[in-house]
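Participant: So that you have it, the file is work30.cif, and it contains mmCIF, C-alpha atoms:
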data_target
#
loop_
_atom_site.label_atom_id
_atom_site.label_comp_id
_atom_site.auth_asym_id
_atom_site.auth_seq_id
_atom_site.Cartn_x
_atom_site.Cartn_y
_atom_site.Cartn_z
CA MET R 951 -100.17 -348.17 79.41
CA ARG R 952 -98.42 -350.02 82.24
CA ARG R 953 -95.06 -349.23 80.66
CA ALA R 954 -95.90 -345.51 80.54
CA THR R 955 -96.95 -345.61 84.20
CA GLY R 956 -93.72 -347.41 85.06
CA VAL R 957 -91.58 -344.79 83.33
CA ARG R 958 -93.49 -341.97 84.99
CA ALA R 959 -93.20 -343.57 88.44
CA ALA R 960 -89.49 -344.25 88.02
CA VAL R 961 -88.72 -340.73 86.79
CA VAL R 962 -90.80 -338.97 89.47
CA GLY R 963 -89.41 -341.24 92.19
CA ALA R 964 -85.78 -340.92 91.14
CA VAL R 965 -85.91 -337.14 90.67
CA ALA R 966 -87.74 -336.57 93.97
CA VAL R 967 -85.51 -338.77 96.13
CA LEU R 968 -82.23 -337.67 94.53
CA ALA R 969 -83.24 -334.02 94.87
CA VAL R 970 -83.93 -334.50 98.59
CA LEU R 971 -80.64 -336.38 99.12
CA LEU R 972 -78.48 -333.96 97.12
CA PRO R 973 -78.12 -331.32 99.89
CA ILE R 974 -76.24 -333.91 101.98
CA VAL R 975 -73.05 -332.73 100.25
CA ARG R 976 -73.70 -329.00 100.76
CA GLY R 977 -71.96 -327.01 103.47
CA ARG R 978 -73.54 -326.03 106.76
CA GLY R 979 -74.23 -322.44 105.77
CA ASP R 980 -75.65 -323.45 102.41
CA ASP R 981 -79.19 -324.23 103.50
CA SER R 982 -81.99 -323.67 101.01
CA PHE R 983 -85.67 -324.27 100.34
CA PRO R 984 -87.37 -326.67 99.74
CA LEU R 985 -84.21 -328.77 99.36
CA SER R 986 -82.48 -328.45 102.71
CA ASN R 987 -79.46 -329.95 104.42
CA TYR R 988 -81.40 -329.58 107.72
CA PRO R 989 -78.63 -327.96 109.77
CA MET R 990 -80.94 -327.15 112.69
CA PHE R 991 -79.96 -328.65 116.04
CA THR R 992 -76.33 -329.03 114.94
CA ARG R 993 -74.76 -325.72 116.01
CA ASP R 994 -72.36 -325.99 118.94
CA GLN R 995 -73.64 -323.19 121.15
CA PRO R 996 -71.17 -321.91 123.73
CA GLY R 997 -72.13 -321.89 127.41
CA GLU R 998 -72.15 -318.09 127.32
CA THR R 999 -73.92 -316.49 124.38
CA THR R 1000 -74.67 -312.98 123.20
CA PHE R 1001 -78.24 -312.04 122.36
CA VAL R 1002 -79.40 -308.88 120.63
CA ARG R 1003 -82.66 -307.38 121.83
CA ALA R 1004 -84.81 -304.37 121.06
CA LEU R 1005 -86.16 -302.95 124.32
CA GLY R 1006 -88.77 -300.28 124.88
CA ILE R 1007 -88.68 -297.98 127.91
CA ASN R 1008 -91.86 -296.31 129.15
CA ALA R 1009 -92.34 -293.04 131.07
CA GLY R 1010 -91.72 -294.82 134.38
CA GLY R 1011 -88.36 -296.15 133.17
CA VAL R 1012 -89.62 -299.73 132.97
CA GLU R 1013 -88.02 -301.89 130.26
CA GLN R 1014 -90.02 -304.24 128.11
CA VAL R 1015 -89.06 -306.55 125.26
CA LEU R 1016 -90.56 -305.21 122.06
CA PRO R 1017 -92.68 -307.76 120.18
CA PRO R 1018 -91.32 -309.08 116.86
CA GLU R 1019 -93.76 -306.98 114.81
CA VAL R 1020 -92.15 -303.86 116.31
CA ALA R 1021 -88.57 -305.11 116.64
CA GLY R 1022 -88.28 -306.76 113.23
CA GLY R 1023 -91.40 -305.86 111.28
CA THR R 1024 -92.71 -309.44 111.20
CA ILE R 1025 -94.71 -311.75 113.46
CA GLU R 1026 -91.93 -314.33 113.24
CA VAL R 1027 -89.71 -314.12 116.36
CA ILE R 1028 -86.72 -315.91 114.83
CA HIS R 1029 -86.95 -313.72 111.77
CA ALA R 1030 -87.11 -310.52 113.81
CA ASN R 1031 -84.15 -311.62 115.89
CA ARG R 1032 -82.11 -312.41 112.78
CA THR R 1033 -82.83 -308.88 111.56
CA LEU R 1034 -81.57 -307.36 114.83
CA ARG R 1035 -78.38 -309.45 114.84
CA GLN R 1036 -77.65 -308.67 111.21
CA ALA R 1037 -78.11 -304.93 111.79
CA VAL R 1038 -75.73 -304.92 114.79
CA ARG R 1039 -73.19 -307.02 112.86
CA ASP R 1040 -73.34 -304.59 109.90
CA GLY R 1041 -72.98 -301.52 112.15
CA ARG R 1042 -76.53 -300.40 111.34
CA ALA R 1043 -77.88 -300.41 114.92
CA PRO R 1044 -78.75 -296.66 114.94
CA GLU R 1045 -80.58 -297.01 111.61
CA LEU R 1046 -82.50 -300.03 112.90
CA CYS R 1047 -83.25 -298.21 116.17
CA ALA R 1048 -84.94 -295.40 114.20
CA GLU R 1049 -86.95 -297.99 112.22
CA VAL R 1050 -88.07 -299.72 115.42
CA ALA R 1051 -88.98 -296.38 117.03
CA ALA R 1052 -91.16 -295.51 114.03
CA ARG R 1053 -93.03 -298.81 114.39
CA ALA R 1054 -93.26 -298.38 118.19
CA LEU R 1055 -94.95 -295.00 117.68
CA VAL R 1056 -97.83 -296.85 115.98
CA SER R 1057 -97.88 -300.22 117.76
CA ALA R 1058 -96.47 -299.59 121.26
CA PRO R 1059 -97.74 -296.14 122.32
CA ASP R 1060 -96.48 -296.38 125.93
CA VAL R 1061 -92.87 -296.71 124.76
CA GLU R 1062 -90.89 -293.46 124.94
CA ARG R 1063 -87.40 -294.71 124.20
CA VAL R 1064 -85.94 -297.63 122.26
CA LEU R 1065 -82.67 -299.40 123.04
CA ILE R 1066 -80.84 -301.89 120.86
CA VAL R 1067 -78.69 -303.93 123.25
CA THR R 1068 -76.35 -306.88 123.08
CA GLU R 1069 -76.39 -308.95 126.26
CA ARG R 1070 -74.24 -311.88 127.28
CA TYR R 1071 -75.88 -314.71 129.21
CA ASP R 1072 -74.82 -317.99 130.77
CA VAL R 1073 -77.56 -319.93 128.97
CA VAL R 1074 -78.01 -322.76 131.48
CA ALA R 1075 -78.07 -320.39 134.46
CA ALA R 1076 -80.42 -318.03 132.63
CA LEU R 1077 -82.81 -320.84 131.77
CA ARG R 1078 -82.94 -322.06 135.36
CA ALA R 1079 -83.24 -318.59 136.92
CA GLU R 1080 -86.56 -317.00 137.91
CA ARG R 1081 -85.38 -313.73 136.32
CA PRO R 1082 -82.48 -314.15 133.86
CA GLU R 1083 -79.70 -311.62 134.49
CA PRO R 1084 -77.08 -310.90 131.82
CA VAL R 1085 -73.40 -311.33 132.56
CA SER R 1086 -72.81 -308.10 130.61
CA ARG R 1087 -74.74 -305.59 128.51
CA ASP R 1088 -73.77 -303.13 125.76
CA VAL R 1089 -76.18 -300.49 124.47
CA ARG R 1090 -75.62 -300.39 120.70
CA ALA R 1091 -78.14 -297.64 119.93
CA ALA R 1092 -80.71 -295.55 121.76
CA CYS R 1093 -83.38 -293.38 120.25
CA GLU R 1094 -86.49 -291.47 121.25
CA VAL R 1095 -89.97 -292.34 120.03
CA ASP R 1096 -91.09 -288.95 118.68
CA ALA R 1097 -94.72 -288.23 118.03
CA MET X 509 -89.78 -351.79 89.74
CA SER X 510 -92.66 -354.20 90.39
CA ARG X 511 -92.50 -353.22 94.05
CA LEU X 512 -92.81 -349.53 93.12
CA LEU X 513 -95.79 -350.21 90.86
CA ALA X 514 -97.64 -352.67 93.11
CA PRO X 515 -101.21 -351.57 93.80
CA ALA X 516 -102.14 -349.92 97.09
CA PRO X 517 -105.38 -350.37 99.03
CA ALA X 518 -108.23 -348.67 97.17
CA GLY X 519 -108.77 -345.08 98.22
CA ARG X 520 -105.43 -344.58 100.00
CA LEU X 521 -103.92 -342.23 97.42
CA ASN X 522 -107.16 -340.24 97.30
CA ALA X 523 -107.21 -339.96 101.11
CA VAL X 524 -103.54 -338.90 101.23
CA ARG X 525 -104.13 -336.31 98.50
CA VAL X 526 -107.12 -334.82 100.34
CA LEU X 527 -105.20 -334.73 103.66
CA VAL X 528 -102.02 -333.17 102.25
CA VAL X 529 -103.81 -330.58 100.10
CA SER X 530 -106.19 -329.67 102.97
CA TYR X 531 -103.26 -329.23 105.34
CA ALA X 532 -101.43 -327.04 102.81
CA LEU X 533 -104.54 -324.98 102.19
CA VAL X 534 -104.91 -324.26 105.92
CA TRP X 535 -101.20 -323.41 106.00
CA VAL X 536 -101.66 -320.87 103.19
CA ALA X 537 -104.43 -319.22 105.22
CA VAL X 538 -102.33 -319.21 108.41
CA ARG X 539 -99.13 -317.90 106.77
CA ALA X 540 -100.72 -315.25 104.53
CA GLY X 541 -100.21 -312.61 107.26
CA HIS X 542 -96.49 -313.40 107.50
CA TRP X 543 -96.03 -313.26 103.72
CA LEU X 544 -97.75 -309.87 103.69
CA ASP X 545 -95.51 -308.66 106.53
CA VAL X 546 -92.31 -309.63 104.75
CA ALA X 547 -93.54 -308.14 101.47
CA ARG X 548 -93.47 -304.75 103.23
CA LEU X 549 -89.88 -305.13 104.49
CA PRO X 550 -87.10 -303.03 102.92
CA ARG X 551 -85.47 -304.69 99.88
CA SER X 552 -82.12 -304.63 101.69
CA ARG X 553 -83.45 -307.51 103.81
CA TRP X 554 -84.15 -309.73 100.77
CA GLN X 555 -81.91 -312.83 100.84
CA PRO X 556 -83.31 -315.08 98.13
CA VAL X 557 -83.09 -318.87 98.36
CA ALA X 558 -83.38 -321.32 95.44
CA PHE X 559 -85.23 -319.77 92.48
CA ALA X 560 -86.41 -316.73 94.47
CA GLU X 561 -83.55 -314.71 92.96
CA TRP X 562 -85.25 -314.89 89.55
CA ILE X 563 -88.74 -313.99 90.74
CA GLY X 564 -87.57 -311.14 92.98
CA PRO X 565 -89.27 -309.82 96.13
CA PHE X 566 -93.02 -309.36 95.59
CA GLY X 567 -94.97 -306.38 96.79
CA PRO X 568 -98.03 -306.84 99.03
CA ALA X 569 -100.48 -306.69 96.08
CA THR X 570 -98.69 -309.56 94.29
CA VAL X 571 -98.66 -311.58 97.51
CA VAL X 572 -102.43 -311.11 97.87
CA VAL X 573 -103.08 -312.15 94.26
CA LEU X 574 -100.77 -315.18 94.53
CA THR X 575 -102.27 -316.26 97.86
CA VAL X 576 -105.85 -316.02 96.61
CA ALA X 577 -105.03 -317.81 93.34
CA THR X 578 -103.20 -320.57 95.23
CA ALA X 579 -106.08 -320.96 97.67
CA VAL X 580 -108.62 -321.23 94.83
CA ALA X 581 -106.45 -323.86 93.12
CA GLY X 582 -106.22 -325.69 96.45
CA VAL X 583 -109.99 -325.79 96.93
CA VAL X 584 -110.43 -327.24 93.43
CA ALA X 585 -107.55 -329.65 94.02
CA ILE X 586 -109.15 -331.06 97.17
CA SER X 587 -112.21 -332.04 95.13
CA GLY X 588 -110.00 -334.02 92.75
CA ARG X 589 -111.61 -332.40 89.69
CA TRP X 590 -109.23 -331.11 87.00
CA TRP X 591 -106.47 -332.56 89.23
CA THR X 592 -103.73 -332.33 86.60
CA THR X 593 -104.17 -328.56 86.35
CA ALA X 594 -105.41 -327.71 89.85
CA GLY X 595 -102.87 -329.97 91.60
CA ALA X 596 -99.97 -328.50 89.63
CA ALA X 597 -101.19 -324.91 90.12
CA PHE X 598 -101.57 -325.43 93.86
CA ALA X 599 -98.18 -327.14 94.24
CA ILE X 600 -96.41 -324.38 92.28
CA GLY X 601 -98.30 -321.58 94.06
CA PHE X 602 -97.45 -323.10 97.45
CA LEU X 603 -93.79 -323.51 96.46
CA VAL X 604 -93.52 -319.91 95.23
CA LEU X 605 -95.16 -318.45 98.34
CA THR X 606 -93.14 -320.53 100.81
CA THR X 607 -89.89 -319.90 98.92
CA PHE X 608 -90.67 -316.17 99.02
CA GLY X 609 -91.40 -316.40 102.77
CA ASN X 610 -88.08 -318.16 103.41
CA SER X 611 -86.08 -315.59 101.45
CA TRP X 612 -85.67 -313.00 104.20
CA GLY X 613 -82.68 -314.37 106.09
CA THR X 614 -84.22 -317.35 107.87
CA VAL X 615 -85.13 -320.73 106.40
CA LEU X 616 -87.80 -322.36 108.57
CA HIS X 617 -87.88 -326.14 108.38
CA THR X 618 -91.61 -326.62 108.79
CA GLU X 619 -92.57 -326.13 105.14
CA GLN X 620 -90.09 -328.23 103.16
CA LEU X 621 -91.75 -331.63 103.37
CA VAL X 622 -95.29 -330.48 102.60
CA SER X 623 -93.97 -328.52 99.63
CA LEU X 624 -92.15 -331.60 98.30
CA HIS X 625 -95.19 -333.82 98.89
CA LEU X 626 -97.40 -331.44 96.91
CA LEU X 627 -94.98 -331.55 93.98
CA VAL X 628 -94.93 -335.37 93.99
CA LEU X 629 -98.73 -335.50 94.22
CA ALA X 630 -99.04 -333.03 91.33
CA ALA X 631 -97.02 -335.43 89.16
CA ALA X 632 -99.30 -338.34 90.09
CA PRO X 633 -102.91 -339.26 89.35
CA ALA X 634 -105.61 -338.01 91.72
CA GLY X 635 -106.25 -341.48 93.13
CA THR X 636 -109.86 -341.60 92.02
CA GLY X 637 -111.70 -343.82 89.48
CA ARG X 638 -109.40 -346.29 87.76
CA ASP X 639 -106.39 -344.83 89.66
CA ALA X 640 -107.94 -345.61 93.05
CA THR X 641 -105.34 -348.32 93.72
CA ALA X 642 -102.31 -346.49 92.31
CA GLY X 643 -99.47 -347.30 94.67
CA TRP X 644 -96.37 -345.69 93.22
CA PRO X 645 -97.17 -342.10 94.31
CA LEU X 646 -97.55 -343.33 97.90
CA ARG X 647 -94.18 -345.08 97.77
CA VAL X 648 -92.50 -341.99 96.33
CA LEU X 649 -94.11 -339.80 99.02
CA SER X 650 -92.87 -342.20 101.72
CA ALA X 651 -89.39 -342.28 100.18
CA VAL X 652 -89.26 -338.48 100.18
CA THR X 653 -90.37 -338.42 103.82
CA VAL X 654 -87.72 -340.86 105.03
CA ALA X 655 -85.06 -339.18 102.87
CA THR X 656 -85.62 -335.84 104.65
CA TYR X 657 -85.16 -337.53 108.04
CA PHE X 658 -82.08 -339.34 106.78
CA VAL X 659 -80.51 -336.09 105.53
CA SER X 660 -81.28 -334.51 108.90
CA GLY X 661 -79.54 -337.41 110.68
CA VAL X 662 -76.47 -337.12 108.45
CA ALA X 663 -76.38 -333.37 109.20
CA LYS X 664 -76.20 -334.07 112.95
CA LEU X 665 -73.01 -336.09 112.41
CA ARG X 666 -71.53 -333.91 109.65
CA PHE X 667 -72.12 -330.49 111.21
CA GLY X 668 -72.66 -331.47 114.84
CA GLY X 669 -69.17 -332.72 115.66
CA GLY X 670 -69.43 -336.33 114.46
CA LEU X 671 -70.07 -338.93 117.12
CA ASP X 672 -69.53 -336.23 119.78
CA TRP X 673 -73.09 -335.08 119.04
CA LEU X 674 -74.26 -338.30 120.68
CA ASP X 675 -72.88 -337.36 124.12
CA GLY X 676 -75.82 -334.98 124.47
CA GLU X 677 -73.80 -331.99 125.72
CA ARG X 678 -74.29 -330.00 122.52
CA LEU X 679 -77.97 -330.85 122.53
CA ALA X 680 -78.36 -329.67 126.14
CA ARG X 681 -76.63 -326.34 125.37
CA LEU X 682 -78.68 -325.97 122.22
CA VAL X 683 -81.93 -326.55 124.13
CA ALA X 684 -80.85 -324.07 126.82
CA HIS X 685 -79.79 -321.49 124.23
CA ASP X 686 -82.99 -321.84 122.21
CA ASN X 687 -85.24 -321.51 125.26
CA VAL X 688 -83.31 -318.57 126.75
CA ARG X 689 -83.47 -316.76 123.41
CA LYS X 690 -87.23 -317.29 123.25
CA ARG X 691 -87.65 -316.26 126.87
CA LEU X 692 -85.65 -313.07 126.36
CA LEU X 693 -87.53 -312.21 123.19
CA GLY X 694 -90.94 -312.76 124.76
CA ASP X 695 -91.74 -315.87 122.70
CA ASP X 696 -93.23 -319.16 123.94
CA TRP X 697 -90.56 -321.29 125.61
CA SER X 698 -90.50 -324.60 127.44
CA PRO X 699 -90.66 -324.48 131.25
CA LEU X 700 -90.01 -328.25 131.12
CA ALA X 701 -86.53 -327.63 129.67
CA ARG X 702 -85.69 -325.61 132.77
CA HIS X 703 -85.99 -328.77 134.87
CA LEU X 704 -84.23 -331.02 132.37
CA VAL X 705 -81.02 -329.10 131.62
CA GLY X 706 -79.41 -330.29 134.85
CA HIS X 707 -79.69 -333.95 133.80
CA PRO X 708 -77.10 -334.69 131.07
CA VAL X 709 -78.05 -338.37 130.89
CA LEU X 710 -81.48 -337.42 129.51
CA PHE X 711 -79.88 -335.44 126.69
CA ARG X 712 -77.46 -338.27 125.92
CA GLY X 713 -80.44 -340.61 125.55
CA ALA X 714 -82.34 -338.04 123.46
CA ALA X 715 -79.35 -337.46 121.16
CA ILE X 716 -78.88 -341.19 120.52
CA ALA X 717 -82.62 -341.75 119.99
CA THR X 718 -82.78 -338.83 117.54
CA VAL X 719 -79.94 -340.13 115.38
CA VAL X 720 -81.31 -343.70 115.47
CA VAL X 721 -84.75 -342.49 114.29
CA GLU X 722 -83.30 -340.26 111.58
CA LEU X 723 -80.62 -342.54 110.18
CA GLY X 724 -82.89 -345.56 110.62
CA ALA X 725 -85.66 -343.94 108.55
CA PRO X 726 -84.90 -345.93 105.34
CA LEU X 727 -85.71 -349.15 107.24
CA ALA X 728 -89.33 -348.01 107.27
CA LEU X 729 -89.32 -348.47 103.49
CA LEU X 730 -87.27 -351.61 103.31
CA LEU X 731 -88.75 -353.74 106.09
CA GLY X 732 -92.31 -354.78 106.83
CA ARG X 733 -95.42 -352.99 107.98
CA ARG X 734 -94.66 -353.36 111.70
CA VAL X 735 -91.27 -351.68 111.32
CA ARG X 736 -92.91 -348.92 109.26
CA TYR X 737 -95.54 -348.26 111.93
CA ALA X 738 -92.91 -348.40 114.67
CA TRP X 739 -90.78 -345.86 112.82
CA VAL X 740 -93.75 -343.54 112.26
CA ALA X 741 -94.57 -343.75 115.99
CA ALA X 742 -90.92 -343.02 116.90
CA ALA X 743 -90.69 -340.07 114.49
CA TRP X 744 -93.96 -338.67 115.84
CA CYS X 745 -92.68 -339.02 119.44
CA PHE X 746 -89.51 -337.19 118.40
CA HIS X 747 -91.60 -334.21 117.28
CA VAL X 748 -93.67 -334.34 120.47
CA ALA X 749 -90.41 -334.21 122.47
CA VAL X 750 -89.14 -331.26 120.39
CA LEU X 751 -92.40 -329.43 121.10
CA ALA X 752 -92.27 -330.22 124.82
CA VAL X 753 -88.59 -329.36 125.35
CA MET X 754 -87.97 -326.62 122.78
CA ALA X 755 -91.47 -325.24 122.11
CA ILE X 756 -90.84 -325.80 118.40
CA LEU X 757 -93.97 -326.87 116.54
CA PHE X 758 -93.67 -329.04 113.45
CA PRO X 759 -97.38 -329.24 112.62
CA TYR X 760 -97.08 -331.38 109.47
CA PRO X 761 -95.60 -334.44 111.24
CA LEU X 762 -97.43 -333.75 114.50
CA THR X 763 -100.81 -333.96 112.78
CA GLY X 764 -99.61 -337.26 111.30
CA ILE X 765 -100.27 -336.02 107.74
CA ALA X 766 -96.56 -336.11 106.89
CA PHE X 767 -96.74 -339.88 107.44
CA ALA X 768 -100.16 -340.43 105.82
CA SER X 769 -98.69 -342.27 102.82
CA MET X 770 -97.34 -344.92 105.23
CA LEU X 771 -100.57 -345.46 107.13
CA PRO X 772 -103.99 -346.98 106.29
CA VAL X 773 -105.61 -343.55 106.02
CA GLU X 774 -108.21 -344.81 103.54
CA ARG X 775 -109.99 -346.25 106.59
CA LEU X 776 -110.54 -342.71 107.84
CA GLY X 777 -112.55 -341.93 104.72
CA ALA X 778 -114.46 -345.22 104.93
CA GLY X 779 -115.23 -344.59 108.61
CA LEU X 780 -116.45 -341.06 107.90
CA ARG X 781 -118.60 -342.25 104.97
CA SER X 782 -120.16 -345.02 107.07
CA ARG X 783 -120.96 -342.56 109.89
CA ALA X 784 -122.42 -340.06 107.42
CA GLY X 785 -124.52 -342.86 105.88
CA ALA X 786 -125.85 -343.90 109.28
CA TRP X 787 -126.62 -340.29 110.13
CA ARG X 788 -128.49 -339.78 106.83
CA GLN X 789 -130.46 -342.99 107.42
CA ARG X 790 -131.45 -341.85 110.89
CA ALA X 791 -132.45 -338.41 109.63
CA ALA X 792 -134.60 -340.00 106.89
CA SER X 793 -136.24 -342.32 109.43
CA ALA X 794 -137.00 -339.37 111.70
CA ARG X 795 -138.59 -337.47 108.79
CA ARG X 796 -140.82 -340.49 108.06
CA GLY X 797 -141.79 -340.68 111.72
CA ALA X 798 -140.16 -344.05 112.12
CA PRO X 799 -138.54 -344.95 115.47
CA LEU X 800 -134.88 -343.85 115.76
CA LEU X 801 -133.87 -347.06 117.48
CA PRO X 802 -134.46 -350.52 116.06
CA ARG X 803 -137.41 -352.34 117.64
CA PRO X 804 -136.37 -355.15 120.00
#
Could you render the structure from this file as structure tokens?
Facilitator:
Amino acid sequence: MRRATGVRAAVVGAVAVLAVLLPIVRGRGDDSFPLSNYPMFTRDQPGETTFVRALGINAGGVEQVLPPEVAGGTIEVIHANRTLRQAVRDGRAPELCAEVAARALVSAPDVERVLIVTERYDVVAALRAERPEPVSRDVRAACEVDA
Amino acid sequence: MSRLLAPAPAGRLNAVRVLVVSYALVWVAVRAGHWLDVARLPRSRWQPVAFAEWIGPFGPATVVVLTVATAVAGVVAISGRWWTTAGAAFAIGFLVLTTFGNSWGTVLHTEQLVSLHLLVLAAAPAGTGRDATAGWPLRVLSAVTVATYFVSGVAKLRFGGGLDWLDGERLARLVAHDNVRKRLLGDDWSPLARHLVGHPVLFRGAAIATVVVELGAPLALLLGRRVRYAWVAAAWCFHVAVLAVMAILFPYPLTGIAFASMLPVERLGAGLRSRAGAWRQRAASARRGAPLLPRP
């Protein structure tokens, strides 16, 4: 009985710990789940960084950041942002803009126009500022929210 | 081997099992909305991790069925009855749902450890009856916990520029970048970080402390109880600092449940039972019309 318990403990322990340690040898971009190489907090972010945002413009011309449910179709902010960046990188900004506008029609009724923009910020200055201002801005796609 | 198999205080494994499964059950309830959201995304956004490639993206109906089935298995698993089946079903259901949720382009690092702990627990006895003093599952759970921190520490040096990561400059830019991104996207961010980014010495200290805690994690297994408790306290403080400075919530370690296998959590159960007993005794006395306080 004790021998069987010993074998079980040794096998479960060895498999579990080795499995967790194995991702140590994987590359940075080779993260997975649930066995991770935990690459978070290791990226060397430049002082100036480009962010992609989905903005809504109302009848008065006021800009607002669209919430992740509208911008990326999920409540997860990081996830929604990844979707925006990927779309811009793949040249699908107009397609994404139409998708966002369709969701805005339902979830953000005051929005009349959607912009997909890439903006460059000095991250330290932007964090310390009362109102962060971009160093530069490019509009990648613009589309109307049609009823 | 004898160290691995040495008995643990009675009730500790049972208490750890109840805590971890309860936490995971609440997590299933909290994340169900997100899993439903991603199930409605276009298939072009599917980027499977691990075994997700073989199970494919689920539709919303499958997500609902899986979530309900996993939750039912979790409720049974908390009770400890039919543990071999219920524990395994819950661990597998949780793993499938979280793997599915992480297969849309972003791997979140808040679900790994609980998923691994559930799998280890599923391979162990429930910790009740004659297994009340089983110690090996607790040691394996602790080893898995410290291994994840160790891997994370190695990653800082491997991917973060070697010893340069310790000068704190990368960390300061990372904190600034993360908070600005959240601020621009309308997410919760840390106003505290705004006041800290101008003080590089703080980030140098934080970078060194982080690597010491992560690479020093195995000492919590190898040295005595005091070192173990000190490491748990340090790791918990690390997560508090991450929450305060980056507004990133790691609920599993912050609730302390991630470290439960390293702590005398069986006393929680004993304390609750003794309070419940006293309360029952008082209620019975009140029903009989007896005085609630002892006579002098």
Participant: Residues picked by the PyMOL selection byres ((chain R and resi 994-1007) around 6) here, as a short mmCIF file (atom, residue, chain, number, x, y, z; two decimals) with C-alpha atoms, in the frame of the given file?
Facilitator:
data_model
loop_
_atom_site.label_atom_id
_atom_site.label_comp_id
_atom_site.auth_asym_id
_atom_site.auth_seq_id
_atom_site.Cartn_x
_atom_site.Cartn_y
_atom_site.Cartn_z
CA ARG R 993 -74.76 -325.72 116.01
CA ASN R 1008 -91.86 -296.31 129.15
CA GLY R 1011 -88.36 -296.15 133.17
CA VAL R 1012 -89.62 -299.73 132.97
CA GLU R 1013 -88.02 -301.89 130.26
CA GLN R 1014 -90.02 -304.24 128.11
CA VAL R 1015 -89.06 -306.55 125.26
CA LEU R 1016 -90.56 -305.21 122.06
CA ALA R 1021 -88.57 -305.11 116.64
CA ARG R 1035 -78.38 -309.45 114.84
CA VAL R 1061 -92.87 -296.71 124.76
CA GLU R 1062 -90.89 -293.46 124.94
CA ARG R 1063 -87.40 -294.71 124.20
CA VAL R 1064 -85.94 -297.63 122.26
CA LEU R 1065 -82.67 -299.40 123.04
CA ILE R 1066 -80.84 -301.89 120.86
CA VAL R 1067 -78.69 -303.93 123.25
CA THR R 1068 -76.35 -306.88 123.08
CA GLU R 1069 -76.39 -308.95 126.26
CA ARG R 1070 -74.24 -311.88 127.28
CA TYR R 1071 -75.88 -314.71 129.21
CA ASP R 1072 -74.82 -317.99 130.77
CA VAL R 1073 -77.56 -319.93 128.97
CA ARG X 678 -74.29 -330.00 122.52
CA LEU X 682 -78.68 -325.97 122.22
#
Participant: With the file shown as input, list the residues that the PyMOL selection byres ((chain X and resi 642) around 7) selects, as number ranges by chain.
Facilitator: X: 515-516, 521, 635, 639-641, 643-644
Participant: Starting from the shown file, work through the PyMOL selection byres ((chain X and resi 687) around 10) and note down what comes out as a ChimeraX atom specification.
Facilitator: /R:1073-1074,1076-1077 /X:681-686,688-693,695-699,701-702,753-756
Participant: If you keep C-alpha atoms, can you produce a file of those selected residues as a PDB file, in the coordinates of the input?
Facilitator:
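As a result, part_24.pdb now contains:
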ATOM      1  CA  VAL R1073     -77.560-319.930 128.970  1.00  0.00           C
ATOM      2  CA  VAL R1074     -78.010-322.760 131.480  1.00  0.00           C
ATOM      3  CA  ALA R1076     -80.420-318.030 132.630  1.00  0.00           C
ATOM      4  CA  LEU R1077     -82.810-320.840 131.770  1.00  0.00           C
TER       5      LEU R1077
ATOM      6  CA  ARG X 681     -76.630-326.340 125.370  1.00  0.00           C
ATOM      7  CA  LEU X 682     -78.680-325.970 122.220  1.00  0.00           C
ATOM      8  CA  VAL X 683     -81.930-326.550 124.130  1.00  0.00           C
ATOM      9  CA  ALA X 684     -80.850-324.070 126.820  1.00  0.00           C
ATOM     10  CA  HIS X 685     -79.790-321.490 124.230  1.00  0.00           C
ATOM     11  CA  ASP X 686     -82.990-321.840 122.210  1.00  0.00           C
ATOM     12  CA  VAL X 688     -83.310-318.570 126.750  1.00  0.00           C
ATOM     13  CA  ARG X 689     -83.470-316.760 123.410  1.00  0.00           C
ATOM     14  CA  LYS X 690     -87.230-317.290 123.250  1.00  0.00           C
ATOM     15  CA  ARG X 691     -87.650-316.260 126.870  1.00  0.00           C
ATOM     16  CA  LEU X 692     -85.650-313.070 126.360  1.00  0.00           C
ATOM     17  CA  LEU X 693     -87.530-312.210 123.190  1.00  0.00           C
ATOM     18  CA  ASP X 695     -91.740-315.870 122.700  1.00  0.00           C
ATOM     19  CA  ASP X 696     -93.230-319.160 123.940  1.00  0.00           C
ATOM     20  CA  TRP X 697     -90.560-321.290 125.610  1.00  0.00           C
ATOM     21  CA  SER X 698     -90.500-324.600 127.440  1.00  0.00           C
ATOM     22  CA  PRO X 699     -90.660-324.480 131.250  1.00  0.00           C
ATOM     23  CA  ALA X 701     -86.530-327.630 129.670  1.00  0.00           C
ATOM     24  CA  ARG X 702     -85.690-325.610 132.770  1.00  0.00           C
ATOM     25  CA  VAL X 753     -88.590-329.360 125.350  1.00  0.00           C
ATOM     26  CA  MET X 754     -87.970-326.620 122.780  1.00  0.00           C
ATOM     27  CA  ALA X 755     -91.470-325.240 122.110  1.00  0.00           C
ATOM     28  CA  ILE X 756     -90.840-325.800 118.400  1.00  0.00           C
TER      29      ILE X 756
END
Participant: One number please: CA of Trp744 (chain X) to CA of Leu626 (chain X), in Å, one decimal.
Facilitator: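 One can read the CA of Trp744 (chain X) to CA of Leu626 (chain X) distance as 20.6 Å.
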Participant: So the first atom is CA of Ser986 (chain R) and the second is CA of Leu621 (chain X); what is the distance between them in Å, to one decimal place?
Facilitator: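 Computing it gives 9.8 Å between the two atoms.
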Participant: Write out as a PyMOL selection string each polymer residue whose atoms come within 9 Å of Val652 (chain X), counting only C-alpha atoms; drop sequence neighbours fewer than 6 positions from it.
Facilitator: (chain R and resi 963+966-967+970-971) or (chain X and resi 621+624-625+628)
